[in-house]
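Structure file model38.tsv (TSV, C-alpha atoms and all ligand atoms) follows.
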chain	number	residue	atom	x	y	z
A	1	MET	CA	23.64	49.64	-38.06
A	2	HIS	CA	22.73	52.83	-36.25
A	3	LEU	CA	25.29	55.46	-35.29
A	4	TYR	CA	24.08	57.76	-32.52
A	5	TYR	CA	25.91	61.06	-32.90
A	6	SER	CA	25.92	64.72	-32.04
A	7	PRO	CA	27.02	67.22	-34.71
A	8	GLY	CA	30.74	68.03	-34.47
A	9	ALA	CA	31.25	65.82	-31.39
A	10	CYS	CA	33.74	62.95	-31.14
A	11	SER	CA	31.12	60.76	-32.84
A	12	MET	CA	32.20	62.50	-36.04
A	13	VAL	CA	35.21	60.13	-36.06
A	14	PRO	CA	33.25	56.85	-36.58
A	15	HIS	CA	30.84	58.79	-38.80
A	16	ILE	CA	33.76	59.61	-41.13
A	17	ILE	CA	34.99	56.01	-40.97
A	18	LEU	CA	31.52	54.65	-41.86
A	19	GLU	CA	31.59	56.89	-44.94
A	20	GLU	CA	35.20	55.97	-45.79
A	21	LEU	CA	34.24	52.28	-45.69
A	22	GLY	CA	30.99	52.75	-47.60
A	23	LEU	CA	29.08	50.75	-44.99
A	24	LYS	CA	25.30	50.82	-44.73
A	25	TYR	CA	24.15	52.72	-41.62
A	26	GLU	CA	21.67	55.22	-40.32
A	27	ALA	CA	22.91	58.26	-38.37
A	28	ILE	CA	20.66	59.23	-35.47
A	29	PRO	CA	21.19	62.64	-33.82
A	30	VAL	CA	21.20	62.80	-30.02
A	31	ASN	CA	20.49	65.88	-27.94
A	32	LEU	CA	23.31	65.75	-25.38
A	33	LYS	CA	21.75	68.47	-23.22
A	34	ASP	CA	18.79	66.33	-22.18
A	35	HIS	CA	20.02	62.94	-23.46
A	36	THR	CA	17.11	62.35	-25.79
A	37	TYR	CA	16.87	61.30	-29.41
A	38	LEU	CA	13.99	60.93	-31.82
A	39	GLY	CA	13.02	57.61	-30.25
A	40	GLY	CA	13.06	58.91	-26.67
A	41	ASP	CA	15.39	58.40	-23.73
A	42	PHE	CA	18.97	57.99	-24.94
A	43	TYR	CA	20.01	56.40	-21.60
A	44	LYS	CA	17.91	53.40	-22.63
A	45	VAL	CA	20.15	52.96	-25.69
A	46	ASN	CA	23.43	53.69	-23.90
A	47	PRO	CA	23.28	53.91	-20.09
A	48	LYS	CA	26.54	55.91	-20.19
A	49	GLY	CA	24.60	58.63	-22.00
A	50	TYR	CA	27.30	59.52	-24.49
A	51	VAL	CA	28.08	59.39	-28.17
A	52	PRO	CA	29.40	57.72	-30.22
A	53	THR	CA	27.12	54.74	-29.72
A	54	LEU	CA	26.88	52.05	-32.36
A	55	GLU	CA	23.84	49.80	-32.46
A	56	LEU	CA	24.53	46.69	-34.51
A	57	ASP	CA	21.98	44.92	-36.70
A	58	THR	CA	21.82	42.28	-33.93
A	59	LYS	CA	20.63	45.15	-31.63
A	60	GLN	CA	23.77	44.79	-29.53
A	61	VAL	CA	25.22	48.15	-28.52
A	62	LEU	CA	28.90	49.06	-28.73
A	63	THR	CA	30.37	52.08	-26.95
A	64	GLU	CA	33.83	53.69	-26.61
A	65	ASN	CA	35.16	55.41	-29.66
A	66	ILE	CA	38.33	53.43	-30.25
A	67	VAL	CA	36.47	50.13	-29.84
A	68	ILE	CA	33.81	51.24	-32.34
A	69	LEU	CA	36.55	52.31	-34.75
A	70	GLN	CA	38.26	48.92	-34.55
A	71	TYR	CA	34.95	47.13	-35.02
A	72	LEU	CA	34.21	49.15	-38.17
A	73	ALA	CA	37.71	48.74	-39.64
A	74	GLU	CA	37.44	44.99	-39.20
A	75	MET	CA	34.19	44.88	-41.15
A	76	LYS	CA	36.23	45.83	-44.23
A	77	PRO	CA	39.86	44.81	-43.66
A	78	GLU	CA	40.62	45.34	-47.36
A	79	ALA	CA	40.31	49.12	-46.80
A	80	LYS	CA	43.41	48.83	-44.56
A	81	LEU	CA	42.31	51.39	-41.99
A	82	LEU	CA	43.90	49.22	-39.27
A	83	PRO	CA	46.62	46.57	-39.85
A	84	SER	CA	45.33	43.09	-39.07
A	85	SER	CA	48.29	41.97	-36.94
A	86	GLY	CA	51.86	42.59	-35.86
A	87	ILE	CA	53.61	45.57	-34.34
A	88	GLU	CA	52.02	47.94	-36.88
A	89	ARG	CA	48.58	47.14	-35.47
A	90	PHE	CA	49.83	48.05	-32.00
A	91	ARG	CA	51.39	51.27	-33.31
A	92	HIS	CA	47.96	52.28	-34.62
A	93	LEU	CA	46.31	51.41	-31.31
A	94	GLU	CA	49.06	53.31	-29.47
A	95	MET	CA	48.27	56.43	-31.52
A	96	LEU	CA	44.50	56.03	-31.08
A	97	THR	CA	44.97	55.67	-27.32
A	98	PHE	CA	47.20	58.76	-27.20
A	99	ILE	CA	44.60	60.81	-29.05
A	100	THR	CA	41.65	59.60	-26.97
A	101	THR	CA	43.29	59.83	-23.53
A	102	GLU	CA	45.77	62.68	-23.92
A	103	ILE	CA	44.02	64.96	-26.41
A	104	HIS	CA	40.28	64.22	-26.52
A	105	LYS	CA	39.82	64.05	-22.75
A	106	SER	CA	41.87	67.22	-22.17
A	107	PHE	CA	39.27	69.20	-24.10
A	108	GLY	CA	36.65	68.47	-21.40
A	109	PRO	CA	37.33	71.56	-19.24
A	110	ILE	CA	37.56	73.79	-22.32
A	111	PHE	CA	34.02	72.79	-23.33
A	112	ASN	CA	32.75	73.26	-19.77
A	113	ASP	CA	30.95	76.60	-19.24
A	114	LYS	CA	31.58	76.41	-15.49
A	115	VAL	CA	35.39	76.48	-15.93
A	116	SER	CA	36.94	79.96	-15.80
A	117	ASP	CA	38.81	81.37	-18.80
A	118	ALA	CA	42.05	81.39	-16.78
A	119	ASP	CA	41.69	77.68	-16.01
A	120	LYS	CA	40.78	76.95	-19.62
A	121	ASP	CA	44.08	78.55	-20.64
A	122	ILE	CA	45.94	76.00	-18.51
A	123	TYR	CA	44.29	73.21	-20.48
A	124	ARG	CA	44.98	75.02	-23.78
A	125	GLU	CA	48.69	75.08	-22.92
A	126	HIS	CA	48.59	71.41	-21.93
A	127	LEU	CA	46.87	70.53	-25.20
A	128	LYS	CA	49.40	72.55	-27.17
A	129	LYS	CA	52.15	70.26	-25.80
A	130	ARG	CA	50.18	67.16	-26.75
A	131	PHE	CA	49.56	68.47	-30.28
A	132	ALA	CA	53.32	69.16	-30.55
A	133	ILE	CA	53.92	65.42	-30.17
A	134	VAL	CA	51.47	64.69	-32.98
A	135	ASP	CA	53.02	67.39	-35.17
A	136	LYS	CA	56.41	65.68	-34.77
A	137	GLN	CA	54.87	62.29	-35.57
A	138	LEU	CA	53.60	63.77	-38.87
A	139	GLU	CA	57.05	65.04	-39.94
A	140	GLY	CA	57.86	63.76	-43.43
A	141	LYS	CA	54.61	61.77	-43.63
A	142	SER	CA	51.31	62.34	-45.42
A	143	PHE	CA	49.35	60.67	-42.65
A	144	LEU	CA	49.91	59.85	-38.99
A	145	MET	CA	50.99	56.27	-39.53
A	146	GLY	CA	52.85	56.79	-42.83
A	147	SER	CA	51.74	57.16	-46.42
A	148	ASN	CA	48.29	55.59	-45.94
A	149	TYR	CA	45.20	57.12	-44.36
A	150	SER	CA	44.06	55.09	-41.34
A	151	LEU	CA	41.84	55.30	-38.23
A	152	PRO	CA	44.00	57.79	-36.24
A	153	ASP	CA	43.81	60.32	-39.08
A	154	ALA	CA	40.06	60.70	-38.75
A	155	TYR	CA	40.41	61.12	-34.96
A	156	LEU	CA	43.17	63.72	-35.29
A	157	PHE	CA	41.08	65.61	-37.86
A	158	VAL	CA	38.18	66.00	-35.40
A	159	MET	CA	40.55	67.03	-32.58
A	160	THR	CA	42.21	69.65	-34.83
A	161	ARG	CA	38.74	70.99	-35.66
A	162	TRP	CA	38.05	71.37	-31.96
A	163	ALA	CA	41.43	73.05	-31.36
A	164	LYS	CA	40.62	75.62	-34.05
A	165	ALA	CA	37.13	76.25	-32.64
A	166	LYS	CA	38.34	76.51	-29.04
A	167	LYS	CA	41.39	78.69	-29.66
A	168	VAL	CA	44.10	76.18	-28.81
A	169	ASP	CA	47.12	77.81	-30.41
A	170	ILE	CA	48.26	75.15	-32.89
A	171	GLY	CA	48.70	77.54	-35.85
A	172	GLY	CA	52.49	77.05	-35.74
A	173	TYR	CA	52.19	73.29	-36.23
A	174	LEU	CA	52.50	73.17	-39.99
A	175	ASN	CA	52.40	69.37	-40.30
A	176	ILE	CA	49.04	69.36	-38.49
A	177	SER	CA	47.75	72.17	-40.74
A	178	LYS	CA	48.70	70.19	-43.86
A	179	HIS	CA	47.15	67.02	-42.42
A	180	PHE	CA	43.94	68.88	-41.56
A	181	GLU	CA	43.58	70.19	-45.12
A	182	ALA	CA	44.26	66.75	-46.62
A	183	VAL	CA	41.73	64.93	-44.41
A	184	GLN	CA	39.16	67.69	-44.79
A	185	ALA	CA	39.38	67.40	-48.59
A	186	ARG	CA	38.55	63.67	-48.61
A	187	PRO	CA	35.09	62.99	-50.06
A	188	ALA	CA	34.04	60.94	-47.00
A	189	THR	CA	34.96	63.82	-44.67
A	190	GLN	CA	33.14	66.30	-46.88
A	191	ARG	CA	29.99	64.16	-46.83
A	192	VAL	CA	30.04	63.96	-43.02
A	193	ILE	CA	30.62	67.71	-42.62
A	194	ALA	CA	27.59	68.31	-44.86
A	195	LEU	CA	25.46	65.66	-43.11
A	196	GLU	CA	26.28	66.90	-39.60
A	197	SER	CA	25.68	70.53	-40.50
A	198	GLY	CA	22.26	69.59	-41.83
A	199	LYS	CA	23.16	70.53	-45.41
A	200	LYS	CA	22.21	67.12	-46.82
A	301	LIG	N1	34.89	57.41	-23.39
A	301	LIG	C1	33.99	57.85	-24.42
A	301	LIG	C2	33.77	59.35	-24.30
A	301	LIG	C3	32.78	59.86	-25.32
A	301	LIG	C4	32.46	61.33	-25.08
A	301	LIG	O1	33.18	62.04	-24.36
A	301	LIG	N2	31.37	61.79	-25.72
A	301	LIG	C5	30.88	63.14	-25.53
A	301	LIG	C6	30.80	63.90	-26.86
A	301	LIG	S1	32.41	64.17	-27.59
A	301	LIG	C7	29.45	63.06	-25.00
A	301	LIG	O2	28.61	62.40	-25.57
A	301	LIG	N3	29.19	63.77	-23.88
A	301	LIG	C8	27.86	63.86	-23.32
A	301	LIG	C9	27.73	63.23	-21.98
A	301	LIG	O3	28.73	62.63	-21.47
A	301	LIG	O4	26.67	63.33	-21.40
A	301	LIG	C10	34.54	57.47	-25.80
A	301	LIG	O5	35.77	57.44	-25.95
A	301	LIG	O6	33.74	57.17	-26.69

Step by step, read the file and then write its structure as structure tokens.
Ligand SMILES: N[C@@H](CCC(=O)N[C@@H](CS)C(=O)NCC(=O)O)C(=O)O
Amino acid sequence: MHLYYSPGACSMVPHIILEELGLKYEAIPVNLKDHTYLGGDFYKVNPKGYVPTLELDTKQVLTENIVILQYLAEMKPEAKLLPSSGIERFRHLEMLTFITTEIHKSFGPIFNDKVSDADKDIYREHLKKRFAIVDKQLEGKSFLMGSNYSLPDAYLFVMTRWAKAKKVDIGGYLNISKHFEAVQARPATQRVIALESGKK
């Protein structure tokens, strides 16, 4: 399998999950400014032009973060990163959808150089409200869905990283701070941080 990624981008989520699962893969960096990678035109790999993109051993290409995450979790169900059935599975998907649509996508304007600082502040305030919901969800729990680490935890970790880098004021959300430290300390997360920062 090949994971097309950009350092620190949302592709860090499946990258962490690949490491958590101990699956065999090659990580291929993509330049998102000109949509190229070592092999050439990235649009030929994924016509949408974005990461994460997962190329399977069959050469089929999967896109959309939460679909890639489900695909990976199902390659190793024994790791229990996503329940196999029942309401608990839908609770996990509900949380993944909340993070991808309500949090991830709201960062867009904050990363956009053409958006004014005043407008970015509107999105920071909006994001703060969304993170408040997640902070409440974490109350009394080690991880988002309970006592076990699962797919949404890796996604929240990357979003918290972005919030810290882009000055979204989430410092008062102590459950998120604790969660961030716990996920950051996991060996799989540490390996990905090192790999994506070019230290390995
Ligand atoms: N809907 C996609 C969005 C992925 C996405 O926003 N990727 C960003 C990086 S975090 C990207 O590659 N942007 C470059 C581009 O769109 O050209 C998903 O959920 O996977």

I'd like a table as CSV: residues in chain A with an atom no more than 12 Å from ligand LIG 301 (chain A), each row giving the shortest atom pair and its distance in Å to one decimal, all atoms listed in the file counted, sorted by chain and rising residue number.
residue,atom,partner,partner_atom,distance
A:Tyr4,CA,A:LIG301,O2,9.5
A:Tyr5,CA,A:LIG301,O2,7.9
A:Ser6,CA,A:LIG301,C6,7.2
A:Pro7,CA,A:LIG301,C6,9.3
A:Gly8,CA,A:LIG301,S1,8.1
A:Ala9,CA,A:LIG301,S1,4.3
A:Cys10,CA,A:LIG301,S1,4.0
A:Ser11,CA,A:LIG301,S1,6.4
A:Met12,CA,A:LIG301,S1,8.6
A:Val13,CA,A:LIG301,S1,9.8
A:Pro14,CA,A:LIG301,O6,9.9
A:Pro29,CA,A:LIG301,O2,11.1
A:Val30,CA,A:LIG301,O2,8.7
A:Asn31,CA,A:LIG301,C8,8.9
A:Leu32,CA,A:LIG301,C8,5.3
A:Lys33,CA,A:LIG301,O4,7.3
A:Asp34,CA,A:LIG301,O4,8.5
A:His35,CA,A:LIG301,O4,7.0
A:Thr36,CA,A:LIG301,O4,10.6
A:Phe42,CA,A:LIG301,O4,10.0
A:Tyr43,CA,A:LIG301,O4,9.6
A:Asn46,CA,A:LIG301,O2,10.3
A:Pro47,CA,A:LIG301,O4,10.1
A:Lys48,CA,A:LIG301,O3,7.2
A:Gly49,CA,A:LIG301,O4,5.2
A:Tyr50,CA,A:LIG301,O2,3.3
A:Val51,CA,A:LIG301,O2,4.0
A:Pro52,CA,A:LIG301,O6,5.6
A:Thr53,CA,A:LIG301,O6,7.7
A:Leu54,CA,A:LIG301,O6,10.3
A:Leu62,CA,A:LIG301,O6,9.7
A:Thr63,CA,A:LIG301,O6,6.1
A:Glu64,CA,A:LIG301,O6,3.5
A:Asn65,CA,A:LIG301,O6,3.7
A:Ile66,CA,A:LIG301,O5,6.4
A:Val67,CA,A:LIG301,O6,8.2
A:Ile68,CA,A:LIG301,O6,8.2
A:Leu69,CA,A:LIG301,O6,9.8
A:Leu96,CA,A:LIG301,O5,10.2
A:Thr97,CA,A:LIG301,O5,9.5
A:Phe98,CA,A:LIG301,O5,11.6
A:Ile99,CA,A:LIG301,O5,9.9
A:Thr100,CA,A:LIG301,O5,6.3
A:Thr101,CA,A:LIG301,O5,8.3
A:Glu102,CA,A:LIG301,O5,11.5
A:Ile103,CA,A:LIG301,O5,11.2
A:His104,CA,A:LIG301,O1,7.7
A:Lys105,CA,A:LIG301,O1,7.1
A:Ser106,CA,A:LIG301,O1,10.4
A:Phe107,CA,A:LIG301,S1,9.2
A:Gly108,CA,A:LIG301,O1,7.9
A:Pro109,CA,A:LIG301,O1,11.6
A:Phe111,CA,A:LIG301,S1,9.7
A:Asn112,CA,A:LIG301,N3,10.9
A:Tyr155,CA,A:LIG301,O5,10.8
A:Val158,CA,A:LIG301,S1,9.9
A:Met159,CA,A:LIG301,S1,10.0
A:Trp162,CA,A:LIG301,S1,10.1

Counting only C-alpha atoms, closest pick from A:Glu88, A:Val168, A:Lys44, A:Asp135 relative to A:Ile122 is A:Val168

Closest of A:Ile170, A:Ala185, A:Leu81, A:Ala132 to A:Gly146, counting only C-alpha atoms, is A:Leu81

**Study point:** Shell around stretch 147-153 of chain A at 8 Å using all atoms listed in the file, local window under 3 positions removed, as a list in words
**Key:** Ile17, Leu69, Ala73, Lys80, Leu81, Leu82, His92, Met95, Leu96, Ile99, Lys141, Ser142, Phe143, Leu144, Leu156, Phe157 and Val183 of chain A

Between atom CA of A:Ser197 and atom CA of A:Tyr123, what is the spacing in Å?
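Between atom CA of A:Tyr123 and atom CA of A:Ser197 the gap works out to 27.5 Å.
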
Item to complete: Would you mind reading off the distance between atom CA of A:Met1 and atom CA of A:Glu55, one decimal, in Å?
Response: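 We find that atom CA of A:Met1 and atom CA of A:Glu55 lie 5.6 Å from each other.
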